[in-house]
file upload.txt (compact mmCIF, C-alpha atoms and all ligand atoms)
# COMPACT_ATOMS: atom_id res chain seq x y z
CA MET D 247 64.41 241.31 168.72
CA LYS D 248 65.67 237.79 168.64
CA ILE D 249 69.29 238.96 168.45
CA LYS D 250 68.76 241.38 171.33
CA ILE D 251 67.50 238.60 173.58
CA SER D 252 70.44 236.39 172.68
CA PHE D 253 72.81 239.21 173.51
CA SER D 254 71.28 239.88 176.90
CA VAL D 255 71.20 236.17 177.66
CA PHE D 256 74.85 236.05 176.69
CA PHE D 257 75.75 238.92 179.02
CA VAL D 258 73.78 237.45 181.87
CA PHE D 259 75.69 234.22 181.24
CA LEU D 260 79.03 236.10 181.28
CA PHE D 261 78.01 237.82 184.49
CA PHE D 262 77.33 234.50 186.21
CA VAL D 263 80.56 232.99 184.94
CA ALA D 264 82.48 235.98 186.32
CA GLN D 265 80.61 235.78 189.63
CA SER D 266 81.10 232.07 190.08
CA GLN D 267 84.80 232.29 189.23
CA ASP D 268 85.30 235.00 191.81
CA LEU D 269 83.67 232.89 194.45
CA LYS D 270 85.25 229.64 193.32
CA SER D 271 87.71 229.36 196.19
CA ALA D 272 85.02 230.41 198.67
CA ARG D 273 82.67 227.74 197.35
CA TYR D 274 85.33 225.06 197.33
CA CYS D 275 85.62 224.92 201.11
CA VAL D 276 81.90 225.50 201.78
CA ASN D 277 80.82 222.69 199.45
CA GLU D 278 83.51 220.35 200.73
CA LEU D 279 82.73 220.80 204.43
CA THR D 280 78.97 220.50 203.93
CA SER D 281 79.27 217.33 201.84
CA LYS D 282 78.00 214.03 203.21
CA LYS D 283 81.40 212.62 204.05
CA TYR D 284 81.85 215.02 206.98
CA LYS D 285 78.48 214.06 208.53
CA GLY D 286 77.67 217.64 209.53
CA ARG D 287 81.03 217.89 211.35
CA GLY D 288 79.68 216.47 214.58
CA TYR D 289 80.43 213.36 216.58
CA VAL D 290 78.74 210.59 214.60
CA LYS D 291 81.09 208.61 212.33
CA ASP D 292 83.94 210.89 213.43
CA GLY D 293 82.65 213.74 211.24
CA SER D 294 84.44 216.47 213.20
CA ASN D 295 87.85 214.80 212.95
CA ARG D 296 87.38 213.98 209.27
CA ALA D 297 86.86 217.69 208.67
CA ALA D 298 89.95 218.39 210.80
CA SER D 299 92.03 216.21 208.46
CA PHE D 300 90.75 218.08 205.42
CA LEU D 301 91.55 221.42 207.04
CA PHE D 302 95.00 220.29 208.15
CA ASN D 303 95.82 219.57 204.50
CA GLU D 304 94.54 223.00 203.49
CA PHE D 305 96.63 224.63 206.23
CA LEU D 306 99.68 222.73 204.93
CA LYS D 307 99.33 224.53 201.59
CA TYR D 308 99.67 228.01 203.09
CA SER D 309 101.12 227.94 206.62
CA THR D 310 104.75 229.14 206.77
CA ALA D 311 105.39 226.89 209.78
CA LYS D 312 104.02 223.36 210.04
CA PRO D 313 100.40 223.47 211.20
CA TYR D 314 99.49 221.42 214.25
CA PHE D 315 96.54 219.92 216.07
CA GLN D 316 95.50 220.62 219.61
CA SER D 317 93.36 217.80 221.01
CA PHE D 318 90.88 217.84 223.87
CA SER D 319 88.07 215.57 225.10
CA PHE D 320 84.54 216.14 226.31
CA PRO D 321 81.24 214.29 226.82
CA VAL D 322 78.62 214.66 224.10
CA ASN D 323 75.21 213.11 223.44
CA THR D 324 74.94 211.60 219.96
CA PHE D 325 72.24 210.08 217.73
CA PRO D 326 74.11 207.58 215.58
CA GLY D 327 71.34 205.18 214.53
CA LYS D 328 67.56 204.94 214.35
CA MET D 329 65.46 208.11 214.39
CA LYS D 330 61.79 207.34 213.96
CA VAL D 331 58.74 209.11 215.34
CA VAL D 332 55.19 208.11 214.37
CA ILE D 333 52.17 209.94 215.76
CA ASN D 334 48.66 208.54 215.27
CA GLY D 335 50.08 206.43 212.43
CA ASN D 336 51.73 209.43 210.69
CA LYS D 337 55.47 209.06 210.24
CA LEU D 338 57.15 212.41 210.85
CA VAL D 339 60.17 213.56 208.86
CA PRO D 340 63.23 214.17 211.06
CA GLY D 341 64.65 217.68 210.78
CA LYS D 342 61.65 218.89 208.77
CA ASP D 343 58.74 217.99 211.07
CA TYR D 344 60.62 217.53 214.35
CA ILE D 345 63.95 217.59 216.10
CA ILE D 346 64.94 215.39 218.97
CA GLY D 347 65.72 216.96 222.36
CA THR D 348 69.50 217.32 222.58
CA ALA D 349 69.53 215.55 225.97
CA CYS D 350 67.29 212.70 224.78
CA PRO D 351 68.48 209.21 225.80
CA ALA D 352 67.66 206.12 223.73
CA SER D 353 63.89 205.63 223.61
CA ASN D 354 61.89 202.81 222.12
CA GLY D 355 58.21 201.90 222.38
CA GLU D 356 54.60 202.90 221.94
CA PHE D 357 53.04 205.34 224.35
CA LYS D 358 49.85 207.27 224.95
CA ILE D 359 50.06 211.03 224.54
CA PHE D 360 48.71 213.07 227.45
CA LYS D 361 48.08 216.68 226.54
CA ILE D 362 48.55 219.52 228.97
CA ASP D 363 46.97 222.76 227.76
CA ARG D 364 45.07 225.81 228.95
CA ASN D 365 42.20 223.62 230.16
CA ASN D 366 44.02 221.30 232.55
CA TYR D 367 47.49 222.63 233.36
CA ASN D 368 46.53 223.40 236.94
CA ASP D 369 45.04 220.07 237.82
CA ILE D 370 46.95 216.96 236.68
CA THR D 371 46.24 213.79 238.65
CA THR D 372 46.77 211.13 235.95
CA ASP D 373 49.51 208.50 236.30
CA LEU D 374 51.86 209.55 233.50
CA ARG D 375 54.57 206.91 233.79
CA ASN D 376 53.62 205.35 230.46
CA CYS D 377 52.71 208.57 228.69
CA PHE D 378 54.46 211.14 226.56
CA VAL D 379 53.31 214.49 227.89
CA LEU D 380 52.49 217.04 225.21
CA PHE D 381 52.62 220.68 226.25
CA ASP D 382 50.39 222.97 224.21
CA THR D 383 50.82 226.59 225.22
CA LEU D 384 48.20 227.92 222.78
CA GLY D 385 45.80 230.38 224.43
CA CYS D 386 47.14 229.73 227.94
CA ASN D 387 48.38 233.31 228.40
CA GLY D 388 51.86 232.23 229.35
CA ALA D 389 50.70 229.89 232.14
CA ILE D 390 52.59 226.96 230.59
CA ASP D 391 55.91 228.73 230.35
CA LYS D 392 59.48 227.43 230.60
CA GLU D 393 59.35 227.57 234.38
CA TYR D 394 56.10 225.61 234.51
CA ILE D 395 57.57 222.92 232.23
CA LYS D 396 60.77 222.71 234.28
CA ARG D 397 58.84 222.34 237.54
CA PHE D 398 56.57 219.75 235.98
CA GLN D 399 59.51 217.70 234.71
CA LEU D 400 61.15 217.74 238.12
CA ALA D 401 57.98 216.66 239.90
CA ASN D 402 56.80 213.92 237.52
CA THR D 403 57.97 210.68 235.96
CA THR D 404 56.85 210.20 232.38
CA ALA D 405 57.93 208.23 229.31
CA GLY D 406 58.90 211.49 227.62
CA TYR D 407 57.85 214.93 226.45
CA ILE D 408 56.57 216.57 223.29
CA ASN D 409 56.95 220.31 222.79
CA ILE D 410 55.31 222.27 220.00
CA GLU D 411 57.33 224.77 217.98
CA GLU D 412 55.27 227.41 216.23
CA LYS D 413 57.68 228.62 213.56
CA LYS D 414 61.06 227.00 213.27
CA LEU D 415 63.09 224.05 214.54
CA THR D 416 66.51 225.00 215.91
CA TRP D 417 68.77 222.15 216.99
CA SER D 418 71.87 222.15 219.21
CA VAL D 419 74.40 219.94 221.05
CA ASN D 420 74.30 218.64 224.61
CA SER D 421 76.76 216.99 227.00
CA VAL D 422 74.21 215.04 229.09
CA GLN D 423 71.20 212.74 228.78
CA LYS D 424 68.04 213.57 230.73
CA PHE D 425 64.69 212.28 229.49
CA PRO D 426 63.15 211.57 226.07
CA SER D 427 61.87 214.71 224.41
CA ILE D 428 60.95 215.88 220.93
CA TYR D 429 60.09 219.26 219.42
CA ILE D 430 57.44 219.16 216.70
CA LEU D 431 56.33 221.96 214.36
CA ARG D 432 52.66 222.70 215.01
CA ASN D 433 51.72 222.22 211.37
CA ALA D 434 53.29 218.73 211.42
CA LEU D 435 51.44 217.58 214.53
CA PRO D 436 48.27 215.59 213.79
CA SER D 437 45.24 217.08 215.53
CA GLN D 438 44.04 214.95 218.43
CA ALA D 439 47.51 213.41 218.75
CA SER D 440 46.92 210.46 221.04
CA LYS D 441 49.58 207.84 220.32
CA ILE D 442 53.31 207.99 219.71
CA LYS D 443 55.65 205.30 218.46
CA ILE D 444 59.26 206.21 218.97
CA GLN D 445 62.56 204.52 218.04
CA VAL D 446 65.58 206.65 218.83
CA ASP D 447 69.15 205.46 219.29
CA ALA D 448 71.23 207.74 221.48
CA LYS D 449 74.70 207.36 222.89
CA LEU D 450 76.54 209.53 225.36
CA ILE D 451 80.19 209.38 224.34
CA THR D 452 83.53 210.96 225.16
CA TYR D 453 84.87 212.57 222.00
CA THR D 454 88.39 213.77 221.33
CA ALA D 455 88.25 216.75 218.94
CA LYS D 456 91.01 218.87 217.43
CA ASN D 457 91.74 222.53 216.97
CA ILE D 458 94.00 223.20 213.99
CA VAL D 459 96.61 225.94 214.23
CA GLY D 460 98.54 227.48 211.32
CA VAL D 461 100.81 230.50 211.01
CA ILE D 462 101.84 233.04 208.39
CA GLU D 463 104.92 234.91 209.43
CA GLY D 464 104.67 238.69 209.23
CA HIS D 465 107.14 241.57 209.05
CA GLN D 466 107.22 241.74 212.85
CA PRO D 467 107.12 238.15 214.03
CA ASP D 468 106.98 238.91 217.77
CA SER D 469 103.40 240.16 217.84
CA PHE D 470 100.36 238.35 216.57
CA ILE D 471 97.09 238.87 214.80
CA PHE D 472 94.70 235.97 215.36
CA ILE D 473 92.07 234.90 212.84
CA THR D 474 89.73 232.24 214.16
CA ALA D 475 86.65 230.37 212.95
CA HIS D 476 85.02 227.19 214.22
CA TYR D 477 84.59 224.36 211.74
CA ASP D 478 82.41 221.98 213.78
CA HIS D 479 78.62 221.87 213.50
CA LEU D 480 75.77 219.78 214.94
CA GLY D 481 76.39 216.54 213.07
CA MET D 482 73.79 213.85 212.56
CA MET D 483 70.30 213.42 214.05
CA GLY D 484 69.98 209.72 213.35
CA ASN D 485 71.87 207.97 210.59
CA LYS D 486 70.04 209.77 207.76
CA THR D 487 69.50 213.38 208.81
CA MET D 488 72.50 215.68 208.55
CA PHE D 489 72.82 219.27 209.71
CA PRO D 490 75.24 220.63 207.10
CA GLY D 491 76.21 223.94 208.73
CA GLY D 492 76.88 225.90 205.55
CA ASN D 493 76.58 229.36 207.01
CA ASP D 494 77.48 228.05 210.48
CA ASN D 495 80.37 227.81 209.95
CA ALA D 496 81.69 226.36 206.71
CA SER D 497 81.41 229.98 205.53
CA GLY D 498 83.71 231.40 208.22
CA THR D 499 86.13 228.52 207.75
CA SER D 500 86.21 229.30 204.05
CA MET D 501 86.87 232.97 204.80
CA LEU D 502 89.74 231.97 207.10
CA LEU D 503 91.28 229.75 204.40
CA ASN D 504 90.90 232.46 201.77
CA LEU D 505 92.65 234.96 204.04
CA MET D 506 95.39 232.44 204.73
CA GLN D 507 95.92 231.91 201.02
CA TYR D 508 96.01 235.67 200.42
CA PHE D 509 98.56 236.41 203.16
CA SER D 510 100.74 233.49 202.09
CA LEU D 511 101.61 235.30 198.84
CA PRO D 512 105.00 237.07 199.13
CA ASN D 513 103.54 240.44 198.11
CA ASN D 514 100.91 240.27 200.83
CA LYS D 515 103.13 239.57 203.82
CA PRO D 516 101.18 240.84 206.85
CA PRO D 517 102.54 243.47 209.30
CA TYR D 518 102.52 240.98 212.20
CA THR D 519 102.55 237.21 212.30
CA VAL D 520 99.03 235.93 211.69
CA VAL D 521 97.91 232.86 213.65
CA PHE D 522 94.98 231.01 212.06
CA ILE D 523 92.92 228.68 214.24
CA SER D 524 90.07 226.44 213.15
CA PHE D 525 88.29 225.65 216.39
CA ALA D 526 86.43 222.44 217.14
CA ALA D 527 83.42 221.98 219.44
CA GLU D 528 82.12 225.55 219.33
CA GLU D 529 78.56 224.25 219.13
CA ALA D 530 79.19 222.10 222.19
CA GLY D 531 79.75 225.29 224.22
CA LEU D 532 82.83 227.16 222.84
CA LEU D 533 84.95 224.23 224.04
CA GLY D 534 87.77 224.48 221.48
CA SER D 535 88.46 228.16 222.07
CA GLU D 536 88.10 227.78 225.83
CA TYR D 537 90.68 224.98 225.71
CA TYR D 538 93.06 227.08 223.62
CA VAL D 539 92.82 230.06 225.97
CA ASN D 540 93.68 227.76 228.89
CA HIS D 541 96.46 226.01 226.90
CA PRO D 542 97.75 228.77 224.60
CA THR D 543 100.52 228.01 222.11
CA LYS D 544 101.34 231.73 221.80
CA ASP D 545 101.59 234.39 224.48
CA LEU D 546 98.07 235.83 224.66
CA LYS D 547 99.52 239.16 225.78
CA LYS D 548 101.26 239.50 222.42
CA ILE D 549 98.03 239.37 220.43
CA LYS D 550 97.50 242.77 218.83
CA PHE D 551 94.00 241.88 217.69
CA LEU D 552 91.77 238.85 217.12
CA LEU D 553 89.09 238.50 214.47
CA ASN D 554 86.63 235.65 214.92
CA LEU D 555 84.53 234.74 211.87
CA ASP D 556 81.24 232.91 212.16
CA LEU D 557 78.24 233.05 209.75
CA MET D 558 79.93 234.67 206.74
CA GLY D 559 77.41 233.42 204.17
CA THR D 560 75.03 236.36 203.59
CA GLY D 561 75.52 240.13 204.13
CA ASP D 562 72.47 241.65 202.39
CA ASP D 563 72.25 244.05 205.34
CA GLY D 564 76.00 244.14 206.04
CA ILE D 565 77.80 242.78 209.09
CA MET D 566 77.52 242.96 212.85
CA VAL D 567 80.59 243.44 215.04
CA VAL D 568 80.44 241.95 218.53
CA ASN D 569 82.77 244.02 220.80
CA GLY D 570 82.40 246.89 218.30
CA SER D 571 81.32 249.16 221.12
CA VAL D 572 84.18 247.90 223.33
CA TYR D 573 87.03 248.62 220.90
CA GLU D 574 85.91 251.95 219.45
CA LYS D 575 89.17 252.85 217.69
CA GLU D 576 89.33 249.59 215.74
CA PHE D 577 85.63 249.81 215.00
CA SER D 578 86.00 253.24 213.42
CA GLU D 579 88.85 251.85 211.30
CA LEU D 580 86.47 249.19 209.96
CA GLU D 581 83.92 251.93 209.24
CA LYS D 582 86.49 254.03 207.44
CA ILE D 583 87.61 251.19 205.16
CA ASN D 584 83.98 250.40 204.45
CA ALA D 585 83.16 254.00 203.55
CA ASP D 586 86.26 254.40 201.35
CA GLN D 587 85.75 251.13 199.51
CA HIS D 588 81.91 251.12 199.35
CA LEU D 589 81.74 247.52 200.56
CA LEU D 590 78.77 246.88 202.84
CA LYS D 591 75.42 248.50 203.52
CA THR D 592 75.92 248.75 207.27
CA ILE D 593 78.45 247.77 209.91
CA GLY D 594 76.56 247.34 213.16
CA LYS D 595 78.14 247.17 216.59
CA ARG D 596 77.29 245.50 219.87
CA GLY D 597 78.94 244.98 223.22
CA LYS D 598 80.38 241.82 224.71
CA ALA D 599 78.58 238.54 224.04
CA GLN D 600 79.26 234.90 224.87
CA ASN D 601 78.11 233.77 221.44
CA SER D 602 81.21 232.55 219.61
CA ASP D 603 84.92 231.74 219.93
CA HIS D 604 86.20 235.27 220.57
CA TYR D 605 84.56 235.21 224.02
CA TYR D 606 87.20 233.53 226.21
CA PHE D 607 89.92 235.61 224.52
CA THR D 608 88.00 238.79 225.34
CA GLU D 609 87.69 237.63 228.95
CA LYS D 610 91.49 237.24 229.10
CA GLY D 611 91.94 240.81 227.86
CA VAL D 612 92.72 240.01 224.23
CA PRO D 613 91.25 242.79 222.03
CA SER D 614 88.88 241.07 219.64
CA PHE D 615 85.95 241.36 217.27
CA PHE D 616 83.48 238.70 216.28
CA LEU D 617 82.14 239.45 212.79
CA TYR D 618 78.98 237.90 211.36
CA THR D 619 77.00 238.78 208.24
CA THR D 620 73.37 239.96 208.52
CA GLY D 621 70.27 239.84 206.30
CA GLY D 622 69.36 237.34 203.61
CA ARG D 623 68.86 233.62 204.18
CA THR D 624 67.77 232.83 207.73
CA ALA D 625 68.51 229.09 207.92
CA TYR D 626 70.23 228.49 211.25
CA HIS D 627 70.95 225.28 213.19
CA ASP D 628 68.55 223.42 210.91
CA ILE D 629 68.67 221.04 207.95
CA TYR D 630 68.25 223.96 205.53
CA ASP D 631 71.63 225.56 206.32
CA ASP D 632 73.26 223.80 203.38
CA GLY D 633 76.44 224.62 201.49
CA PRO D 634 75.61 224.72 197.77
CA GLY D 635 72.54 226.90 198.43
CA LEU D 636 74.43 229.40 200.56
CA PRO D 637 74.39 232.74 198.68
CA LEU D 638 77.80 234.12 199.89
CA THR D 639 76.24 237.46 198.99
CA LYS D 640 78.96 239.76 200.37
CA PHE D 641 81.77 237.25 200.82
CA LYS D 642 84.19 239.18 198.59
CA GLU D 643 83.37 242.50 200.25
CA VAL D 644 83.88 241.12 203.77
CA PHE D 645 87.12 239.51 202.59
CA THR D 646 88.34 242.90 201.31
CA LEU D 647 87.31 244.61 204.55
CA ILE D 648 89.20 242.09 206.68
CA ARG D 649 92.40 242.00 204.65
CA MET D 650 92.56 245.81 204.58
CA PHE D 651 91.84 245.99 208.30
CA ILE D 652 94.66 243.54 209.05
CA LYS D 653 97.14 245.43 206.89
CA GLN D 654 96.64 248.67 208.77
CA ILE D 655 96.90 247.26 212.33
CA ASP D 656 99.80 249.07 214.01
ZN ZN W 1 78.58 228.99 214.72
call {"tool": "encode", "arguments": {"input": "upload.txt", "output": "structure tokens"}}
result
Amino acid sequence: MKIKISFSVFFVFLFFVAQSQDLKSARYCVNELTSKKYKGRGYVKDGSNRAASFLFNEFLKYSTAKPYFQSFSFPVNTFPGKMKVVINGNKLVPGKDYIIGTACPASNGEFKIFKIDRNNYNDITTDLRNCFVLFDTLGCNGAIDKEYIKRFQLANTTAGYINIEEKKLTWSVNSVQKFPSIYILRNALPSQASKIKIQVDAKLITYTAKNIVGVIEGHQPDSFIFITAHYDHLGMMGNKTMFPGGNDNASGTSMLLNLMQYFSLPNNKPPYTVVFISFAAEEAGLLGSEYYVNHPTKDLKKIKFLLNLDLMGTGDDGIMVVNGSVYEKEFSELEKINADQHLLKTIGKRGKAQNSDHYYFTEKGVPSFFLYTTGGRTAYHDIYDDGPGLPLTKFKEVFTLIRMFIKQID
């Protein structure tokens, strides 16, 4: 009995060694980009450009022509310093209990909390200039909806706003400052919240970010296959809270690098020249890819196909293909490879969507897919989307699917 257990433990151990070695190169990039030194690849402490330097060096290893940067500038609201919210004497934990409104300016002071709920939403006469207004939509039958809140904010001057999130905090990036606002999880909000102390540093800056472009020459160098993935994420919410962006999109960046490495081997020379682009500022509104499409370094008309990779970290349910129902022929080729190779549970398809960096290419008539994995871990735009904990469940299978798809493009 004892020997049996040791044997099975040994085989389980071997299994994990084999697994981790297979995913070693995938993990390398994911763990690197989600580490503290890149500050969540946003705009505090130059996180985005630090990641660009790392990626440029990776591109140098594989690109058959010298990789290059493409720079562009844009306004972005940042939270580089203090991030403190105390309600009724309870200090809330940033990222876990609350997120700051993306358009929040610097805010500092102690304020009364004035609650608007189902009992009073129709009849507010209080002077709110020194209050944080808390909207509680519970039991109001939709009366305090987004439209109500928008109208209220236009009509009133307050010290700021508190919104309650029922389930999950999902952060983002903004290019403007409006008024102080925070989003608190209901279970983190003290009952009878009456007083808020807030200390938030915010700075609206102009940031110059960089796309990184690399190339692997193919058998027919006059037509192109594009592989793209954004490497930026949301950055820092205050000087201590980082949004690591493991799935979004260290995972896609890792997939791109792994494909680049694969196609750089002499035996794997692709049918057409493959252009690899790591886009910046996707989270700020697809800015890197929009800039590239307006300042292309290759003739967009000569792109045979573009694959954009974002959220490559799970795959328990398979993948989803944006534009899958637009480019039917290519979609059925993906399905065929998947069926022959027994790779993924399902390959879903959808129509056009403005949800990642393929979008502006599609609008210019470039045939393209955006692939993302589905199922499994649901962390998204939050502090839990880390790198080391990312399962990379079907990373190898998606890798196989993509490399085989690229090889058969004619
Ligand atoms: Zn993303």
call {"tool": "residues_around", "arguments": {"input": "upload.txt", "residues": "Asn334 in chain D", "least_positions_apart": "2", "cutoff": "8 Å", "atoms": "all atoms listed in the file", "output": "PyMOL selection string"}}
result
chain D and resi 332+336+436+439-442
call {"tool": "residues_near_ligand", "arguments": {"input": "upload.txt", "ligand": "ligand ZN 1 (chain W)", "cutoff": "6 Å", "atoms": "all atoms listed in the file", "output": "list in words"}}
result
Asp494, Asn495 and Asp556 of chain D
call {"tool": "residues_around", "arguments": {"input": "upload.txt", "residues": "Lys456 in chain D", "least_positions_apart": "4", "cutoff": "12 Å", "atoms": "all atoms listed in the file", "output": "ChimeraX atom specification"}}
result
/D:287-289,292-299,301-302,314-320,476-478,523-528,533-535,537-538
call {"tool": "write_last_selection", "arguments": {"input": "upload.txt", "atoms": "C-alpha atoms", "output": "PDB file, in the frame of the given file"}}
result
ATOM      1  CA  ARG D 287      81.030 217.890 211.350  1.00  0.00           C
ATOM      2  CA  GLY D 288      79.680 216.470 214.580  1.00  0.00           C
ATOM      3  CA  TYR D 289      80.430 213.360 216.580  1.00  0.00           C
ATOM      4  CA  ASP D 292      83.940 210.890 213.430  1.00  0.00           C
ATOM      5  CA  GLY D 293      82.650 213.740 211.240  1.00  0.00           C
ATOM      6  CA  SER D 294      84.440 216.470 213.200  1.00  0.00           C
ATOM      7  CA  ASN D 295      87.850 214.800 212.950  1.00  0.00           C
ATOM      8  CA  ARG D 296      87.380 213.980 209.270  1.00  0.00           C
ATOM      9  CA  ALA D 297      86.860 217.690 208.670  1.00  0.00           C
ATOM     10  CA  ALA D 298      89.950 218.390 210.800  1.00  0.00           C
ATOM     11  CA  SER D 299      92.030 216.210 208.460  1.00  0.00           C
ATOM     12  CA  LEU D 301      91.550 221.420 207.040  1.00  0.00           C
ATOM     13  CA  PHE D 302      95.000 220.290 208.150  1.00  0.00           C
ATOM     14  CA  TYR D 314      99.490 221.420 214.250  1.00  0.00           C
ATOM     15  CA  PHE D 315      96.540 219.920 216.070  1.00  0.00           C
ATOM     16  CA  GLN D 316      95.500 220.620 219.610  1.00  0.00           C
ATOM     17  CA  SER D 317      93.360 217.800 221.010  1.00  0.00           C
ATOM     18  CA  PHE D 318      90.880 217.840 223.870  1.00  0.00           C
ATOM     19  CA  SER D 319      88.070 215.570 225.100  1.00  0.00           C
ATOM     20  CA  PHE D 320      84.540 216.140 226.310  1.00  0.00           C
ATOM     21  CA  HIS D 476      85.020 227.190 214.220  1.00  0.00           C
ATOM     22  CA  TYR D 477      84.590 224.360 211.740  1.00  0.00           C
ATOM     23  CA  ASP D 478      82.410 221.980 213.780  1.00  0.00           C
ATOM     24  CA  ILE D 523      92.920 228.680 214.240  1.00  0.00           C
ATOM     25  CA  SER D 524      90.070 226.440 213.150  1.00  0.00           C
ATOM     26  CA  PHE D 525      88.290 225.650 216.390  1.00  0.00           C
ATOM     27  CA  ALA D 526      86.430 222.440 217.140  1.00  0.00           C
ATOM     28  CA  ALA D 527      83.420 221.980 219.440  1.00  0.00           C
ATOM     29  CA  GLU D 528      82.120 225.550 219.330  1.00  0.00           C
ATOM     30  CA  LEU D 533      84.950 224.230 224.040  1.00  0.00           C
ATOM     31  CA  GLY D 534      87.770 224.480 221.480  1.00  0.00           C
ATOM     32  CA  SER D 535      88.460 228.160 222.070  1.00  0.00           C
ATOM     33  CA  TYR D 537      90.680 224.980 225.710  1.00  0.00           C
ATOM     34  CA  TYR D 538      93.060 227.080 223.620  1.00  0.00           C
TER      35      TYR D 538
END
call {"tool": "residues_near_point", "arguments": {"input": "upload.txt", "point": "(102.5, 241.0, 225.2)", "cutoff": "12 Å", "atoms": "only C-alpha atoms", "output": "PDB file with C-alpha atoms, in the coordinates of the input"}}
result
ATOM      1  CA  ASP D 468     106.980 238.910 217.770  1.00  0.00           C
ATOM      2  CA  SER D 469     103.400 240.160 217.840  1.00  0.00           C
ATOM      3  CA  PHE D 470     100.360 238.350 216.570  1.00  0.00           C
ATOM      4  CA  ILE D 471      97.090 238.870 214.800  1.00  0.00           C
ATOM      5  CA  LYS D 544     101.340 231.730 221.800  1.00  0.00           C
ATOM      6  CA  ASP D 545     101.590 234.390 224.480  1.00  0.00           C
ATOM      7  CA  LEU D 546      98.070 235.830 224.660  1.00  0.00           C
ATOM      8  CA  LYS D 547      99.520 239.160 225.780  1.00  0.00           C
ATOM      9  CA  LYS D 548     101.260 239.500 222.420  1.00  0.00           C
ATOM     10  CA  ILE D 549      98.030 239.370 220.430  1.00  0.00           C
ATOM     11  CA  LYS D 550      97.500 242.770 218.830  1.00  0.00           C
ATOM     12  CA  PHE D 551      94.000 241.880 217.690  1.00  0.00           C
ATOM     13  CA  GLY D 611      91.940 240.810 227.860  1.00  0.00           C
ATOM     14  CA  VAL D 612      92.720 240.010 224.230  1.00  0.00           C
ATOM     15  CA  PRO D 613      91.250 242.790 222.030  1.00  0.00           C
TER      16      PRO D 613
END
call {"tool": "axis_aligned_box", "arguments": {"input": "upload.txt", "around": "range 581-595 of chain D", "padding_each_side": "8 Å", "output": "AutoDock Vina command-line options"}}
result
--center_x 81.5 --center_y 250.6 --center_z 208.0 --size_x 28.2 --size_y 23.5 --size_z 33.2
call {"tool": "closest_residue", "arguments": {"input": "upload.txt", "among": "D:Lys640, D:Lys358, D:Arg432, D:Arg649", "to": "Met506 in chain D", "atoms": "only C-alpha atoms"}}
result
D:Arg649
call {"tool": "residues_around", "arguments": {"input": "upload.txt", "residues": "range 380-395 of chain D", "least_positions_apart": "5", "cutoff": "9 Å", "atoms": "all atoms listed in the file", "output": "number ranges by chain"}}
result
D: 359-365, 367, 400, 406-410, 439
call {"tool": "residues_around", "arguments": {"input": "upload.txt", "residues": "Ala599 in chain D", "least_positions_apart": "2", "cutoff": "12 Å", "atoms": "all atoms listed in the file", "output": "list in words"}}
result
Val567, Val568, Asn569, Gly570, Ser571, Val572, Lys595, Arg596, Gly597, Asn601, Ser602, Asp603, His604, Tyr605, Tyr606, Phe607, Thr608, Glu609, Ser614, Phe615, Phe616 and Leu617 of chain D
call {"tool": "residues_around", "arguments": {"input": "upload.txt", "residues": "range 643-646 of chain D", "least_positions_apart": "3", "cutoff": "8 Å", "atoms": "all atoms listed in the file", "output": "PyMOL selection string"}}
result
chain D and resi 501+505+589-590+640+649-650
call {"tool": "write_last_selection", "arguments": {"input": "upload.txt", "atoms": "C-alpha atoms", "output": "PDB file, in the coordinates of the input"}}
result
ATOM      1  CA  MET D 501      86.870 232.970 204.800  1.00  0.00           C
ATOM      2  CA  LEU D 505      92.650 234.960 204.040  1.00  0.00           C
ATOM      3  CA  LEU D 589      81.740 247.520 200.560  1.00  0.00           C
ATOM      4  CA  LEU D 590      78.770 246.880 202.840  1.00  0.00           C
ATOM      5  CA  LYS D 640      78.960 239.760 200.370  1.00  0.00           C
ATOM      6  CA  ARG D 649      92.400 242.000 204.650  1.00  0.00           C
ATOM      7  CA  MET D 650      92.560 245.810 204.580  1.00  0.00           C
TER       8      MET D 650
END
call {"tool": "atom_distance", "arguments": {"input": "upload.txt", "atom1": "CA of Ala352 in chain D", "atom2": "CA of Ser281 in chain D"}}
result
27.2 Å
call {"tool": "atom_distance", "arguments": {"input": "upload.txt", "atom1": "CA of His479 in chain D", "atom2": "CA of Lys312 in chain D"}}
result
25.7 Å
call {"tool": "closest_residue", "arguments": {"input": "upload.txt", "among": "D:Phe489, D:Phe522, D:Phe378, D:Tyr284", "to": "Asn402 in chain D", "atoms": "only C-alpha atoms"}}
result
D:Phe378
call {"tool": "closest_residue", "arguments": {"input": "upload.txt", "among": "D:Leu503, D:Val339, D:Val379, D:Ala311", "to": "Val276 in chain D", "atoms": "all atoms listed in the file"}}
result
D:Leu503
call {"tool": "atom_distance", "arguments": {"input": "upload.txt", "atom1": "CA of Thr487 in chain D", "atom2": "CA of Ser418 in chain D"}}
result
13.8 Å
call {"tool": "closest_residue", "arguments": {"input": "upload.txt", "among": "D:Ile652, D:Asp447, D:Ala405, D:Cys377", "to": "Asn514 in chain D", "atoms": "all atoms listed in the file"}}
result
D:Ile652
